[in-house]
file coords_37.txt (compact mmCIF, C-alpha atoms and all ligand atoms)
# COMPACT_ATOMS: atom_id res chain seq x y z
CA MET A 27 95.59 76.39 82.74
CA SER A 28 93.79 79.75 83.18
CA ARG A 29 91.31 78.27 85.67
CA ILE A 30 90.13 79.69 88.96
CA LEU A 31 90.35 76.53 91.05
CA ASP A 32 88.97 77.77 94.34
CA VAL A 33 87.70 80.92 95.99
CA ASN A 34 86.94 80.54 99.68
CA GLU A 35 84.86 83.40 101.04
CA GLU A 36 85.10 82.35 104.68
CA ASN A 37 88.87 82.11 104.66
CA ALA A 38 89.30 84.95 102.11
CA THR A 39 91.63 82.92 99.89
CA CYS A 40 91.85 81.77 96.29
CA LEU A 41 93.80 79.23 94.26
CA VAL A 42 94.44 80.00 90.60
CA GLU A 43 96.35 78.75 87.60
CA PRO A 44 98.66 80.84 85.38
CA GLY A 45 96.73 83.04 82.98
CA VAL A 46 93.96 84.00 85.41
CA SER A 47 93.89 87.78 85.16
CA TYR A 48 92.75 90.35 87.69
CA PHE A 49 89.73 91.00 85.47
CA ASP A 50 88.89 87.24 85.52
CA LEU A 51 89.02 86.94 89.29
CA TYR A 52 87.15 90.21 89.86
CA ARG A 53 84.36 89.13 87.49
CA TYR A 54 84.14 85.72 89.18
CA ILE A 55 83.79 87.35 92.60
CA ARG A 56 81.15 89.80 91.35
CA ALA A 57 79.22 87.07 89.51
CA ASN A 58 79.12 84.93 92.65
CA LYS A 59 78.35 87.90 94.94
CA LEU A 60 81.24 87.05 97.26
CA LYS A 61 82.22 89.55 99.93
CA LEU A 62 85.82 89.62 98.81
CA TRP A 63 88.15 92.14 97.20
CA ILE A 64 91.12 91.58 94.99
CA ASP A 65 94.17 93.84 95.00
CA CYS A 66 95.18 94.70 91.45
CA PRO A 67 97.99 96.68 89.84
CA ASP A 68 97.15 99.77 87.83
CA PRO A 69 96.33 97.81 84.65
CA GLY A 70 93.96 94.88 85.27
CA TRP A 71 95.21 92.97 82.26
CA GLY A 72 98.07 91.06 83.95
CA SER A 73 97.76 87.68 85.64
CA LEU A 74 97.84 87.17 89.39
CA ILE A 75 100.69 84.68 89.09
CA GLY A 76 102.82 86.66 86.60
CA ASN A 77 102.45 89.86 88.60
CA ALA A 78 103.15 88.25 91.98
CA LEU A 79 106.20 86.39 90.63
CA ASP A 80 107.49 89.72 89.38
CA HIS A 81 106.95 91.28 92.86
CA GLY A 82 104.11 93.46 91.62
CA ASN A 83 102.00 95.65 93.83
CA GLY A 84 98.54 97.14 94.08
CA TYR A 85 96.59 99.88 95.83
CA THR A 86 94.23 98.62 98.53
CA MET A 87 95.30 97.78 102.08
CA SER A 88 98.59 96.41 103.24
CA PRO A 89 99.45 93.54 103.36
CA PHE A 90 97.44 92.69 100.20
CA ARG A 91 99.34 95.27 98.13
CA ASP A 92 102.51 93.21 98.19
CA HIS A 93 101.35 90.54 95.76
CA PHE A 94 104.11 88.04 96.37
CA GLY A 95 103.83 88.62 100.12
CA ALA A 96 100.08 87.94 99.91
CA HIS A 97 100.47 84.60 98.16
CA CYS A 98 99.99 81.39 100.11
CA GLY A 99 101.07 78.12 98.59
CA MET A 100 102.56 77.24 95.21
CA GLU A 101 102.69 74.24 92.91
CA VAL A 102 105.81 74.26 90.74
CA VAL A 103 107.21 71.97 88.05
CA LEU A 104 110.99 71.83 88.26
CA ALA A 105 113.34 71.42 85.28
CA ASP A 106 113.61 67.63 85.85
CA GLY A 107 109.82 67.28 85.87
CA GLU A 108 109.51 66.94 89.64
CA LEU A 109 106.37 68.56 91.13
CA VAL A 110 106.90 70.66 94.24
CA ARG A 111 104.17 72.07 96.50
CA THR A 112 105.15 74.70 99.03
CA GLY A 113 103.66 75.35 102.46
CA MET A 114 100.89 73.08 103.67
CA GLY A 115 100.31 71.85 100.11
CA ALA A 116 103.20 69.43 100.55
CA LEU A 117 101.08 67.36 102.95
CA PRO A 118 98.83 64.91 101.09
CA GLY A 119 95.16 65.90 101.51
CA ALA A 120 95.98 69.12 103.39
CA LYS A 121 92.98 71.46 103.65
CA THR A 122 95.01 74.47 104.73
CA TRP A 123 97.21 75.06 101.69
CA GLN A 124 95.97 78.63 101.24
CA GLN A 125 95.87 79.41 104.94
CA SER A 126 99.34 78.72 106.24
CA LYS A 127 102.49 79.57 104.32
CA PHE A 128 104.79 77.48 106.41
CA GLY A 129 105.22 73.74 106.14
CA PHE A 130 108.14 71.86 107.64
CA GLY A 131 111.67 73.03 106.94
CA PRO A 132 112.88 76.00 104.95
CA GLU A 133 110.48 78.19 102.97
CA LEU A 134 111.16 77.62 99.26
CA ASP A 135 108.72 80.02 97.63
CA GLY A 136 111.21 82.85 97.07
CA LEU A 137 113.23 80.62 94.75
CA PHE A 138 110.49 80.89 92.14
CA SER A 139 109.98 84.66 92.19
CA GLN A 140 112.05 86.58 89.67
CA GLY A 141 114.06 83.40 89.43
CA ASN A 142 112.90 81.17 86.59
CA THR A 143 113.82 78.08 88.64
CA GLY A 144 110.52 76.39 87.89
CA VAL A 145 107.17 76.73 86.16
CA VAL A 146 104.41 77.66 88.60
CA THR A 147 101.24 75.74 87.80
CA LYS A 148 99.09 76.79 90.79
CA MET A 149 99.33 79.60 93.29
CA GLY A 150 97.19 80.61 96.23
CA PHE A 151 96.50 84.18 97.40
CA TRP A 152 95.02 85.86 100.42
CA LEU A 153 92.13 88.13 99.46
CA MET A 154 90.77 91.09 101.36
CA ALA A 155 87.41 90.66 103.05
CA GLU A 156 85.06 93.35 101.78
CA PRO A 157 85.08 96.23 104.27
CA GLU A 158 81.86 97.97 105.33
CA ALA A 159 83.09 101.38 104.34
CA TYR A 160 85.75 103.49 102.68
CA LEU A 161 86.62 107.07 103.46
CA SER A 162 89.14 109.28 101.75
CA GLY A 163 90.40 112.73 102.53
CA THR A 164 93.08 115.25 101.68
CA VAL A 165 95.52 117.15 103.86
CA MET A 166 96.64 120.52 102.50
CA VAL A 167 99.71 122.45 103.59
CA TYR A 168 100.93 125.77 102.27
CA ARG A 169 104.69 126.02 102.79
CA HIS A 170 107.45 124.28 100.88
CA ALA A 171 109.08 123.33 104.20
CA ASP A 172 105.88 121.54 105.30
CA LEU A 173 106.79 118.54 103.14
CA ALA A 174 109.18 117.03 105.70
CA PRO A 175 106.78 117.17 108.71
CA LEU A 176 103.96 115.99 106.42
CA LEU A 177 105.96 112.91 105.44
CA LYS A 178 107.01 112.26 109.02
CA ALA A 179 103.41 112.39 110.25
CA PHE A 180 102.35 110.12 107.41
CA GLN A 181 105.12 107.73 108.36
CA VAL A 182 103.67 107.47 111.87
CA LEU A 183 100.18 106.81 110.47
CA ASN A 184 101.65 104.19 108.16
CA ASN A 185 103.87 102.44 110.67
CA THR A 186 101.20 102.27 113.35
CA ASN A 187 98.75 100.84 110.80
CA ALA A 188 96.47 103.82 111.48
CA MET A 189 96.35 104.22 107.70
CA MET A 190 96.98 101.02 105.77
CA ALA A 191 96.52 102.40 102.28
CA THR A 192 98.60 103.97 99.55
CA THR A 193 98.82 107.70 99.41
CA ARG A 194 99.50 110.35 96.84
CA ILE A 195 101.43 113.48 97.50
CA GLY A 196 100.80 116.26 95.06
CA SER A 197 101.65 119.91 94.63
CA PRO A 198 98.75 121.84 93.13
CA LEU A 199 100.90 124.96 93.35
CA GLN A 200 103.57 123.49 91.11
CA LEU A 201 101.82 120.65 89.32
CA GLY A 202 98.35 121.86 88.41
CA ARG A 203 99.59 122.11 84.87
CA VAL A 204 100.55 118.48 84.35
CA PHE A 205 97.34 116.45 84.35
CA GLY A 206 94.55 118.86 85.08
CA ALA A 207 93.45 122.16 83.64
CA PRO A 208 96.28 124.59 82.99
CA PRO A 209 96.81 127.21 85.68
CA ASP A 210 95.24 130.60 85.16
CA PRO A 211 97.42 133.09 83.24
CA GLU A 212 98.84 134.75 86.37
CA HIS A 213 99.79 131.38 87.85
CA ALA A 214 101.21 130.19 84.53
CA ALA A 215 103.33 133.35 84.22
CA LEU A 216 104.69 132.83 87.73
CA LEU A 217 105.58 129.19 87.02
CA ALA A 218 107.27 130.17 83.77
CA LYS A 219 109.27 132.97 85.36
CA PRO A 220 112.98 132.08 85.30
CA GLY A 221 114.33 131.66 88.84
CA VAL A 222 110.93 131.88 90.54
CA THR A 223 111.52 131.59 94.27
CA THR A 224 109.83 129.40 96.85
CA ALA A 225 108.73 132.56 98.70
CA GLU A 226 106.98 133.88 95.56
CA LEU A 227 105.20 130.59 95.03
CA GLU A 228 104.15 130.39 98.69
CA SER A 229 102.80 133.92 98.57
CA TYR A 230 100.78 133.12 95.42
CA GLY A 231 99.50 129.93 97.05
CA ARG A 232 98.38 131.79 100.19
CA GLN A 233 96.57 134.45 98.17
CA HIS A 234 94.74 131.89 96.03
CA ASP A 235 94.28 129.14 98.63
CA LEU A 236 96.45 126.79 96.58
CA PRO A 237 98.34 124.25 98.72
CA TYR A 238 102.04 123.72 98.17
CA TRP A 239 101.56 120.06 99.07
CA THR A 240 98.59 117.75 99.43
CA LEU A 241 98.52 114.29 100.98
CA ASP A 242 95.70 111.84 100.32
CA LEU A 243 94.46 109.57 103.07
CA LYS A 244 92.30 106.47 102.60
CA PHE A 245 90.65 104.30 105.19
CA TYR A 246 88.93 100.92 104.91
CA GLY A 247 86.91 99.28 107.66
CA GLY A 248 83.75 99.43 109.74
CA ARG A 249 81.41 102.40 109.22
CA GLU A 250 82.34 104.05 112.48
CA VAL A 251 85.94 102.89 112.32
CA VAL A 252 86.82 104.84 109.16
CA GLU A 253 85.45 108.04 110.75
CA ALA A 254 87.51 107.43 113.89
CA GLN A 255 90.61 106.79 111.75
CA TRP A 256 90.09 110.09 109.93
CA ASP A 257 89.69 111.97 113.25
CA HIS A 258 92.84 110.31 114.56
CA ALA A 259 94.82 111.25 111.42
CA VAL A 260 93.61 114.87 111.62
CA ARG A 261 94.65 115.11 115.28
CA LEU A 262 98.05 113.60 114.60
CA LEU A 263 98.76 115.78 111.56
CA ARG A 264 97.54 118.96 113.28
CA ALA A 265 100.00 118.40 116.10
CA SER A 266 102.96 118.90 113.76
CA LEU A 267 101.25 121.04 111.11
CA PRO A 268 98.95 123.49 112.94
CA ASP A 269 98.15 125.43 109.74
CA ALA A 270 97.15 122.36 107.72
CA LYS A 271 93.68 122.22 106.22
CA PHE A 272 91.69 119.00 105.91
CA ALA A 273 89.04 118.05 103.39
CA LYS A 274 86.99 114.90 103.75
CA GLY A 275 86.58 113.15 100.41
CA GLU A 276 84.58 110.25 99.10
CA ARG A 277 82.75 108.00 101.54
CA LEU A 278 81.44 104.70 100.23
CA GLU A 279 79.62 101.73 101.69
CA PHE A 280 79.81 98.24 100.21
CA PRO A 281 78.87 96.28 98.23
CA LEU A 282 78.70 98.64 95.26
CA THR A 283 76.30 98.06 92.41
CA ASP A 284 77.84 97.57 88.95
CA GLU A 285 76.79 101.13 88.05
CA GLN A 286 78.43 102.54 91.19
CA ALA A 287 81.62 100.54 90.56
CA GLU A 288 81.79 101.80 86.98
CA LYS A 289 81.61 105.41 88.15
CA ILE A 290 84.48 105.13 90.65
CA GLY A 291 87.42 107.32 89.61
CA ASP A 292 90.21 105.75 91.67
CA LYS A 293 89.27 102.14 90.88
CA ALA A 294 92.53 100.45 91.90
CA SER A 295 92.15 101.74 95.47
CA LEU A 296 88.92 99.74 95.70
CA GLY A 297 90.32 96.61 94.05
CA ILE A 298 88.41 97.23 90.81
CA PRO A 299 90.59 96.30 87.83
CA SER A 300 90.60 98.68 84.88
CA LEU A 301 92.90 100.06 82.24
CA GLY A 302 92.47 103.59 83.55
CA ALA A 303 96.23 103.89 84.11
CA PHE A 304 96.57 104.67 80.46
CA PHE A 305 95.28 108.18 80.88
CA VAL A 306 98.97 109.09 81.04
CA GLY A 307 99.83 110.76 77.77
CA ALA A 308 96.17 110.81 76.80
CA ARG A 309 94.57 113.61 74.87
CA THR A 310 92.54 115.81 77.18
CA ALA A 311 90.46 118.92 76.82
CA TRP A 312 93.67 120.84 77.47
CA ARG A 313 96.38 118.70 75.93
CA ARG A 314 96.48 117.20 72.47
CA SER A 315 99.04 114.41 72.87
CA ARG A 316 98.08 110.97 71.56
CA VAL A 317 97.95 107.51 73.17
CA ARG A 318 98.05 105.41 70.05
CA ASP A 319 101.06 103.49 71.30
CA ILE A 320 99.77 102.23 74.63
CA CYS A 321 97.46 99.42 73.70
CA GLY A 322 99.48 98.10 70.81
CA SER A 323 102.94 96.67 70.54
CA ARG A 324 104.72 99.80 71.68
CA ARG A 325 103.52 99.71 75.30
CA SER A 326 107.03 100.14 76.60
CA SER A 327 107.26 103.65 75.20
CA LEU A 328 104.46 104.63 77.56
CA LEU A 329 106.50 103.45 80.53
CA VAL A 330 109.47 105.47 79.35
CA ARG A 331 107.23 108.48 78.98
CA MET A 332 105.81 107.98 82.46
CA ARG A 333 109.22 107.79 84.00
CA CYS A 334 110.47 110.86 82.19
CA SER A 335 107.33 112.90 82.66
CA ARG A 336 107.48 116.08 84.62
CA HIS A 337 105.19 114.98 87.42
CA SER A 338 108.13 114.12 89.64
CA GLY A 339 109.88 117.43 88.88
CA CYS A 340 108.48 119.46 91.75
CA PHE A 341 109.93 117.05 94.27
CA ASP A 342 113.44 117.48 92.92
CA GLN A 343 114.09 120.59 94.99
CA ALA A 344 113.05 118.80 98.19
CA PHE A 345 115.13 115.74 97.32
CA LYS A 346 118.16 117.95 96.72
CA GLU A 347 117.67 119.80 100.00
CA TRP A 348 117.45 116.51 101.89
CA GLY A 349 120.34 114.93 100.02
CA VAL A 350 118.31 111.83 99.18
CA ALA A 351 118.09 109.93 95.93
CA PRO A 352 114.47 108.87 95.42
CA LEU A 353 113.78 105.58 93.74
CA TYR A 354 111.38 106.32 90.90
CA ARG A 355 109.22 108.99 92.55
CA THR A 356 109.25 107.17 95.86
CA LEU A 357 110.93 108.08 99.09
CA PRO A 358 111.99 105.49 101.66
CA GLN A 359 109.57 107.19 104.09
CA LEU A 360 106.71 105.97 101.93
CA TYR A 361 107.66 102.32 102.04
CA HIS A 362 105.75 100.06 104.34
CA ARG A 363 107.11 96.80 105.62
CA GLU A 364 103.96 94.87 104.71
CA SER A 365 103.06 96.43 101.45
CA SER A 366 104.38 98.20 98.47
CA THR A 367 105.13 101.83 98.12
CA CYS A 368 103.20 105.03 97.77
CA CYS A 369 103.92 107.29 94.86
CA LEU A 370 104.53 110.97 94.62
CA VAL A 371 102.21 112.03 91.85
CA SER A 372 99.96 114.86 91.01
CA LYS A 373 96.20 114.71 91.18
CA SER A 374 93.17 115.59 89.14
CA ALA A 375 93.66 113.32 86.17
CA THR A 376 91.27 113.46 83.30
CA ILE A 377 90.65 110.99 80.53
CA SER A 378 89.50 111.74 77.03
CA LYS A 379 86.60 109.94 75.37
CA SER A 380 88.84 108.39 72.74
CA THR A 381 91.16 106.99 75.43
CA ALA A 382 88.21 105.66 77.37
CA ARG A 383 86.99 103.80 74.27
CA ARG A 384 90.43 102.34 73.59
CA VAL A 385 90.80 101.24 77.17
CA GLN A 386 87.33 99.68 77.22
CA SER A 387 88.04 97.65 74.11
CA CYS A 388 91.22 96.33 75.73
CA ALA A 389 89.33 95.42 78.89
CA ARG A 390 86.82 93.24 77.07
C1 LIG A 401 101.00 101.74 82.50
C2 LIG A 401 101.37 100.55 83.32
C3 LIG A 401 101.17 100.62 84.68
C4 LIG A 401 101.54 99.53 85.48
N1 LIG A 401 101.30 99.60 86.83
C5 LIG A 401 101.60 98.55 87.60
C6 LIG A 401 101.31 98.58 89.00
O1 LIG A 401 100.73 99.53 89.52
N2 LIG A 401 101.70 97.53 89.74
C7 LIG A 401 102.32 96.45 89.17
O2 LIG A 401 102.63 95.54 89.90
N3 LIG A 401 102.57 96.38 87.87
C8 LIG A 401 102.23 97.38 87.06
N4 LIG A 401 102.47 97.31 85.72
C9 LIG A 401 103.09 96.10 85.18
C10 LIG A 401 102.06 95.08 84.66
O3 LIG A 401 100.80 95.20 85.16
C11 LIG A 401 102.62 93.69 84.93
O4 LIG A 401 103.67 93.56 84.04
C12 LIG A 401 101.66 92.57 84.71
O5 LIG A 401 100.76 92.53 85.81
C13 LIG A 401 102.39 91.26 84.66
O6 LIG A 401 101.46 90.23 84.47
P1 LIG A 401 101.60 89.24 83.25
O7 LIG A 401 100.54 88.21 83.42
O8 LIG A 401 101.68 89.96 81.95
O9 LIG A 401 103.01 88.61 83.61
P2 LIG A 401 104.09 88.00 82.66
O10 LIG A 401 104.80 89.08 81.94
O11 LIG A 401 103.51 86.89 81.89
O12 LIG A 401 105.02 87.37 83.77
C14 LIG A 401 105.92 88.13 84.49
C15 LIG A 401 107.18 87.27 84.74
O13 LIG A 401 106.80 86.25 85.71
C16 LIG A 401 107.35 85.01 85.34
N5 LIG A 401 106.26 84.05 85.17
C17 LIG A 401 105.01 84.28 84.69
N6 LIG A 401 104.26 83.16 84.77
C18 LIG A 401 105.05 82.21 85.30
C19 LIG A 401 104.86 80.84 85.64
N7 LIG A 401 103.68 80.24 85.47
N8 LIG A 401 105.90 80.16 86.17
C20 LIG A 401 107.08 80.76 86.37
N9 LIG A 401 107.33 82.05 86.08
C21 LIG A 401 106.34 82.76 85.55
C22 LIG A 401 108.16 85.19 84.07
O14 LIG A 401 109.51 85.33 84.43
C23 LIG A 401 107.67 86.50 83.50
O15 LIG A 401 108.70 87.21 82.90
C24 LIG A 401 102.11 98.38 84.91
C25 LIG A 401 102.30 98.31 83.52
C26 LIG A 401 101.94 99.38 82.73
C27 LIG A 401 102.14 99.28 81.27
call {"tool": "encode", "arguments": {"input": "coords_37.txt", "output": "structure tokens"}}
result
Amino acid sequence: MSRILDVNEENATCLVEPGVSYFDLYRYIRANKLKLWIDCPDPGWGSLIGNALDHGNGYTMSPFRDHFGAHCGMEVVLADGELVRTGMGALPGAKTWQQSKFGFGPELDGLFSQGNTGVVTKMGFWLMAEPEAYLSGTVMVYRHADLAPLLKAFQVLNNTNAMMATTRIGSPLQLGRVFGAPPDPEHAALLAKPGVTTAELESYGRQHDLPYWTLDLKFYGGREVVEAQWDHAVRLLRASLPDAKFAKGERLEFPLTDEQAEKIGDKASLGIPSLGAFFVGARTAWRRSRVRDICGSRRSSLLVRMRCSRHSGCFDQAFKEWGVAPLYRTLPQLYHRESSTCCLVSKSATISKSTARRVQSCAR
């Protein structure tokens, strides 16, 4: 077990055994200079098979983000010792096991996800062919009521595959205090004021050019294609949000050198596994909380803390107004049929040196 059995660059597929982690496959691809990307969850420490069987998800392009959906072919040992191969793997000598999910008859694969009806001994996955370029950008709107049209416009981008990436929706006006530097004293006083109104916040935001909501956009593709996608998104968003501002972000061309890859902040969006997710609860220049319990046996307490943390709080008002019950920071509008979800989180995370060291030692 724990072997990478095949990585096919031309077909952009792989076949792995249980125990092969996202770090393992990423390092294999880098070492062999293959023009392929993996799609990994926030922490790179899990295995492809364990995560996919648990319906895990990542952060690059749909449909690779839905890890079970992006699998192709399984080998499973049943309780009576019988060996089952799904898809084209059932045909002796088939060369297309990782290319076509469907064999003859019903599709059995779902029986083995979150099901414990067999032990998976091999599993194939579709990988993403390395794009030429990546371009990110941020949309900024200044009124509380802009959230609904912002989401609707995003939904169109998402459902027409004009943007096939995850997004983040943040509220610098209300959330600057959570991960980043604390707001300046005037802003802090306003946020702390009992019963502060939306109008007061909007007025402060306008005076200080602080958006009520931001939406991140990410594009992957040909060099000229990502620029055209950005222009298209700006046109579409402007049509429903004439006052929106747009800021182009990072533009990258691939392949990255090891040094460039190491410097990337949002690694998961580029299929680079890391343990950067554990900045949550980390000590920062502004906050002195500790992370001693995230790399040891008390990992679960981190999850509890994440779920209870205040970074979903600013959306509560909107959820109440709309009468919707969000599922863990995520609105149905942010689901995509071929991928996982996009989260509502704040931006501008920082990581302390001590956390970075801890995380690096885990990654080794
Ligand atoms: C801070 C934090 C952030 C996270 N963010 C994400 C995220 O963004 N996306 C995400 O998807 N996950 C996320 N996770 C969850 C985590 O990454 C997954 O739990 C991990 O990837 C699972 O991999 P594993 O190898 O440990 O699986 P395991 O725990 O070993 O397996 C998962 C389950 O799959 C089944 N299984 C495993 N192997 C086999 C087999 N060979 N045959 C049959 N059944 C099997 C078992 O039922 C097992 O319970 C996060 C976790 C933390 C702590």
call {"tool": "residues_around", "arguments": {"input": "coords_37.txt", "residues": "range 259-266 of chain A", "least_positions_apart": "3", "cutoff": "7 Å", "atoms": "all atoms listed in the file", "output": "VMD selection string"}}
result
chain A and resid 175 179 255 to 256 270
call {"tool": "residues_near_ligand", "arguments": {"input": "coords_37.txt", "ligand": "ligand LIG 401 (chain A)", "cutoff": "7 Å", "atoms": "all atoms listed in the file", "output": "JSON, numbers by chain"}}
result
{"A": [44, 45, 47, 67, 68, 69, 70, 71, 72, 73, 74, 75, 76, 77, 79, 80, 81, 82, 83, 84, 138, 140, 142, 144, 145, 146, 147, 303, 304, 325, 326, 328, 329]}
call {"tool": "residues_around", "arguments": {"input": "coords_37.txt", "residues": "Leu278 in chain A", "least_positions_apart": "5", "cutoff": "8 Å", "atoms": "only C-alpha atoms", "output": "count of residues only"}}
result
3
call {"tool": "residues_near_point", "arguments": {"input": "coords_37.txt", "point": "(94.0, 104.8, 92.6)", "cutoff": "12 Å", "atoms": "only C-alpha atoms", "output": "mmCIF file with C-alpha atoms, in the coordinates of the input"}}
result
data_model
loop_
_atom_site.group_PDB
_atom_site.id
_atom_site.type_symbol
_atom_site.label_atom_id
_atom_site.label_comp_id
_atom_site.auth_asym_id
_atom_site.auth_seq_id
_atom_site.Cartn_x
_atom_site.Cartn_y
_atom_site.Cartn_z
ATOM 1 C CA ASP A 65 94.170 93.840 95.000
ATOM 2 C CA CYS A 66 95.180 94.700 91.450
ATOM 3 C CA PRO A 67 97.990 96.680 89.840
ATOM 4 C CA ASP A 68 97.150 99.770 87.830
ATOM 5 C CA PRO A 69 96.330 97.810 84.650
ATOM 6 C CA GLY A 84 98.540 97.140 94.080
ATOM 7 C CA TYR A 85 96.590 99.880 95.830
ATOM 8 C CA THR A 86 94.230 98.620 98.530
ATOM 9 C CA MET A 87 95.300 97.780 102.080
ATOM 10 C CA SER A 162 89.140 109.280 101.750
ATOM 11 C CA ALA A 191 96.520 102.400 102.280
ATOM 12 C CA THR A 192 98.600 103.970 99.550
ATOM 13 C CA THR A 193 98.820 107.700 99.410
ATOM 14 C CA ARG A 194 99.500 110.350 96.840
ATOM 15 C CA ASP A 242 95.700 111.840 100.320
ATOM 16 C CA LEU A 243 94.460 109.570 103.070
ATOM 17 C CA LYS A 244 92.300 106.470 102.600
ATOM 18 C CA ILE A 290 84.480 105.130 90.650
ATOM 19 C CA GLY A 291 87.420 107.320 89.610
ATOM 20 C CA ASP A 292 90.210 105.750 91.670
ATOM 21 C CA LYS A 293 89.270 102.140 90.880
ATOM 22 C CA ALA A 294 92.530 100.450 91.900
ATOM 23 C CA SER A 295 92.150 101.740 95.470
ATOM 24 C CA LEU A 296 88.920 99.740 95.700
ATOM 25 C CA GLY A 297 90.320 96.610 94.050
ATOM 26 C CA ILE A 298 88.410 97.230 90.810
ATOM 27 C CA PRO A 299 90.590 96.300 87.830
ATOM 28 C CA SER A 300 90.600 98.680 84.880
ATOM 29 C CA LEU A 301 92.900 100.060 82.240
ATOM 30 C CA GLY A 302 92.470 103.590 83.550
ATOM 31 C CA ALA A 303 96.230 103.890 84.110
ATOM 32 C CA CYS A 368 103.200 105.030 97.770
ATOM 33 C CA CYS A 369 103.920 107.290 94.860
ATOM 34 C CA VAL A 371 102.210 112.030 91.850
ATOM 35 C CA SER A 372 99.960 114.860 91.010
ATOM 36 C CA LYS A 373 96.200 114.710 91.180
ATOM 37 C CA SER A 374 93.170 115.590 89.140
ATOM 38 C CA ALA A 375 93.660 113.320 86.170
#
call {"tool": "residues_around", "arguments": {"input": "coords_37.txt", "residues": "range 50-63 of chain A", "least_positions_apart": "4", "cutoff": "7 Å", "atoms": "all atoms listed in the file", "output": "compact mmCIF listing (two decimals) with C-alpha atoms, keeping the file's coordinate frame"}}
result
# COMPACT_ATOMS: atom_id res chain seq x y z
CA GLU A 35 84.86 83.40 101.04
CA ALA A 38 89.30 84.95 102.11
CA VAL A 46 93.96 84.00 85.41
CA LEU A 153 92.13 88.13 99.46
CA MET A 154 90.77 91.09 101.36
CA ALA A 155 87.41 90.66 103.05
CA GLU A 156 85.06 93.35 101.78
CA GLY A 297 90.32 96.61 94.05
call {"tool": "atom_distance", "arguments": {"input": "coords_37.txt", "atom1": "CA of Ala96 in chain A", "atom2": "CA of Asp135 in chain A"}}
result
11.9 Å
call {"tool": "closest_residue", "arguments": {"input": "coords_37.txt", "among": "A:Leu199, A:Ile64, A:Val167, A:Leu104", "to": "Asp269 in chain A", "atoms": "all atoms listed in the file"}}
result
A:Val167
call {"tool": "closest_residue", "arguments": {"input": "coords_37.txt", "among": "A:Gly163, A:Pro281, A:Gly150, A:Pro237", "to": "Val33 in chain A", "atoms": "only C-alpha atoms"}}
result
A:Gly150
call {"tool": "atom_distance", "arguments": {"input": "coords_37.txt", "atom1": "CA of Cys40 in chain A", "atom2": "CA of Ala116 in chain A"}}
result
17.3 Å
call {"tool": "closest_residue", "arguments": {"input": "coords_37.txt", "among": "A:Tyr48, A:Gly196, A:Glu253, A:Pro220", "to": "His170 in chain A", "atoms": "only C-alpha atoms"}}
result
A:Gly196
